[in-house]
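Scroll down for the structure; my scribbles are underneath it.
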Amino acid sequence: MSTNFGYVSGSSLDESHIEERDIFTDVDYDDGTDEETEEKTEEEETEAAATSQSDSCSTDEHSETDNGDNSDNDADNDSDNDNVIRKFFDFVRNIPKLKDWVHSWPSGKSIMQSGYYYLSVFGYYRKGKRTGGYGIMLRDPHGRPVISSASVSRGHTYLYHVLNGVNAALSLAIEHGVYDLRLMCNSGILSKWLDLVFQEADHQGADSTCPDNPKCEYACAILGIDEEYFKYLYPLVVDIMKKRSEIMAKTGFFFIQHEPRASNKAPYCVAKQHAEKFKTRLALIPCIFSEMQEPDAFSRELKITLWNDCFRGTMKYSSQLSPW
């Protein structure tokens, strides 16, 4: 049975457009592309980008040698800049091919890597079909996947599915013994509110978001929901706080941040593929369909998405030391 809650009028939050949009209508990649041709194209693009950037770097270095400023400070600055540029282009030249990178993925019970792990969550609700769920991707400090998880069910609401995804993501990390975490989810307002809840819990040593507490009104104002809706979400908040406390007892590095779909494509891809897989059964049986997937079972589309996250755009998942 689904539950419908309305947003408070005049609220600062308006995520109804997310609920109404069919988020799985767009196509990220051409599934009909020949794999060998696609791999060759990616390799050529990578090599071309590295060569172009290398030439640009070389030009910049030559132009800096004749500036005529002999001060020690400027010389130090130039040296530092040269080192940064050199390291960056060394990294670009050594970007692995998709196939080689996939072979470097850890398998089974691998030794824990030094650094923080990336825990990405994408929650959604398709209002027209009255179904929703989440996708989760856990990555090691080098951006390589450890495991993914997804769920789809009928009913509920957008905020419920995002919160449920965060709760499941923390359970997944604990199950795999991962505690140094950068947690990212696709709801900006929810991630900001959870961050405030975590900070307050750290100061007071307890969760102060109980619906009987006056701060419930503060939470409702931030999330743009009424008190009944908050009570509906509250059990998930309690579970999240308990898991977060368990994690904080074993690490000093944990924080949550907003990550929009544009830079959160891996869990989005996981959620999309899972929803497609179970859409027929979900139409017949009103229950929750959840599953975890090891990296060796990932689709080619998901592998490409993970590679792009690491080596294109902001390359945020390669910000820590690379193992190759």
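Chains: A, B, ... in order of the structure tokens. Residues: from 1 per chain. Ligands: from 1, in order shown.
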TODO: Find the residues near Ile256 (chain A): any atom within 12 Å, counting only C-alpha atoms, skip ones fewer than 6 places away on the same chain, and give them as an MDAnalysis selection string.
DONE: chainID A and resid 118:121 166 169:170 180:199 244
- [ ] Would you please work out which residue, of A:Gly135, A:Pro286, A:Pro235, A:Pro141, is nearest to Leu172 (chain A) when using only C-alpha atoms?
- [x] A:Gly135
Open item on the list: I'd like the contact shell of region 303-305 of chain A - 6 Å cut-off, only C-alpha atoms, skipping same-chain residues fewer than 3 positions apart - returned as an MDAnalysis selection string.
Closed with: chainID A and resid 266 300 308
TODO: Between CA of Glu227 (chain A) and CA of Met241 (chain A), measure the distance and give it in Å to one decimal.
DONE: 19.4 Å
Write out as CSV a residue-level contact list of region 258-309 of chain A versus region 122-132 of chain A with cut-off 9 Å: for each qualifying residue the closest pair of atoms and the distance in Å to one decimal, counting only C-alpha atoms, rows sorted by chain and residue number upward.
```
residue,atom,partner,partner_atom,distance
A:Glu259,CA,A:Phe122,CA,8.9
A:Pro260,CA,A:Phe122,CA,8.8
A:Arg261,CA,A:Phe122,CA,7.6
A:Asn264,CA,A:Phe122,CA,7.4
A:Lys265,CA,A:Phe122,CA,8.5
A:Ala266,CA,A:Phe122,CA,8.7
A:Pro267,CA,A:Phe122,CA,5.5
A:Tyr268,CA,A:Phe122,CA,5.6
A:Val270,CA,A:Phe122,CA,8.8
A:Ala271,CA,A:Phe122,CA,7.3
A:Ala275,CA,A:Gly132,CA,8.5
A:Leu282,CA,A:Thr131,CA,8.8
```
Task: Nearest to His274 (chain A) by atom-to-atom distance, counting only C-alpha atoms, from A:Phe289, A:Phe89, A:Tyr232, A:Phe253 - done: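 Of the candidates, the smallest distance to His274 (chain A) is held by A:Phe289.
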Open item on the list: Please identify the alpha helix (DSSP H) residues within region 224-269 of chain A (assignment by DSSP from backbone atoms) and present them as a PyMOL selection string.
Closed with: chain A and resi 227-248+265-269
TODO: May I ask which of the residues A:Ser148, A:Asn164, A:Thr157, A:Ser171 is the closest one to Gln273 (chain A), counting only C-alpha atoms?
DONE: A:Ser148
TODO: Would you list, as a VMD selection string, the residues of region 81-180 of chain A that end up in strand (DSSP E or B) under DSSP run on this structure's backbone?
DONE: chain A and resid 117 to 126 131 to 139 145 to 154
Task: Contacts of Lys242 (chain A) at 12 Å (only C-alpha atoms; same-chain gap of 3+ positions) as a ChimeraX atom specification - done: /A:167,170-171,174,198,201,205-207,235-239,245-249
Just write the chosen residues, N, CA and C atoms, as a short mmCIF file (atom, residue, chain, number, x, y, z; two decimals), in the first residue's frame.
```
data_model
loop_
_atom_site.label_atom_id
_atom_site.label_comp_id
_atom_site.auth_asym_id
_atom_site.auth_seq_id
_atom_site.Cartn_x
_atom_site.Cartn_y
_atom_site.Cartn_z
N ASN A 167 20.33 4.63 3.93
CA ASN A 167 20.32 3.61 4.98
C ASN A 167 20.93 2.30 4.48
N LEU A 170 24.82 2.59 3.94
CA LEU A 170 25.60 2.47 5.18
C LEU A 170 25.68 1.02 5.63
N SER A 171 24.59 0.29 5.48
CA SER A 171 24.60 -1.15 5.82
C SER A 171 25.60 -1.90 4.95
N ILE A 174 29.22 -1.12 6.11
CA ILE A 174 29.52 -1.82 7.36
C ILE A 174 29.74 -3.31 7.10
N PHE A 198 23.78 15.13 11.78
CA PHE A 198 25.01 14.48 12.22
C PHE A 198 25.84 15.41 13.10
N ALA A 201 24.21 15.69 16.49
CA ALA A 201 24.41 14.46 17.25
C ALA A 201 25.82 14.40 17.82
N GLY A 205 25.75 14.17 21.52
CA GLY A 205 25.94 12.77 21.86
C GLY A 205 24.68 11.95 21.69
N ALA A 206 23.66 12.48 21.06
CA ALA A 206 22.41 11.75 20.86
C ALA A 206 21.65 12.38 19.70
N ASP A 207 20.69 11.63 19.18
CA ASP A 207 19.87 12.14 18.09
C ASP A 207 18.77 13.01 18.66
N PRO A 235 11.60 6.56 11.21
CA PRO A 235 12.28 5.27 11.45
C PRO A 235 13.55 5.10 10.60
N LEU A 236 13.52 5.60 9.38
CA LEU A 236 14.72 5.53 8.55
C LEU A 236 15.83 6.42 9.10
N VAL A 237 15.45 7.59 9.61
CA VAL A 237 16.44 8.51 10.19
C VAL A 237 17.10 7.85 11.40
N VAL A 238 16.32 7.16 12.24
CA VAL A 238 16.86 6.47 13.41
C VAL A 238 17.87 5.40 12.98
N ASP A 239 17.52 4.61 11.98
CA ASP A 239 18.43 3.56 11.50
C ASP A 239 19.72 4.17 10.95
N SER A 245 26.64 6.12 13.85
CA SER A 245 27.35 6.03 15.14
C SER A 245 28.32 4.86 15.15
N GLU A 246 27.89 3.74 14.58
CA GLU A 246 28.76 2.56 14.50
C GLU A 246 30.00 2.85 13.65
N ILE A 247 29.79 3.57 12.57
CA ILE A 247 30.90 3.93 11.69
C ILE A 247 31.85 4.91 12.37
N MET A 248 31.29 5.92 13.03
CA MET A 248 32.11 6.95 13.69
C MET A 248 32.93 6.38 14.83
N ALA A 249 32.49 5.26 15.40
CA ALA A 249 33.25 4.64 16.49
C ALA A 249 34.55 4.02 15.97
#
```
TODO: Work out how far CA of Val152 (chain A) is from CA of Phe278 (chain A), in Å to one decimal.
DONE: 7.8 Å
TODO: Tell me which protein, DNA and RNA residues are within 10 Å of Glu294 (chain A), counting only C-alpha atoms, leaving out same-chain ones fewer than 5 positions away, and put them as a VMD selection string.
DONE: chain A and resid 107 to 108 145 to 149
TODO: To one decimal in Å, tell me the separation between CA of Leu98 (chain A) and CA of Ser290 (chain A).
DONE: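 CA of Ser290 (chain A) lies 28.4 Å from CA of Leu98 (chain A).
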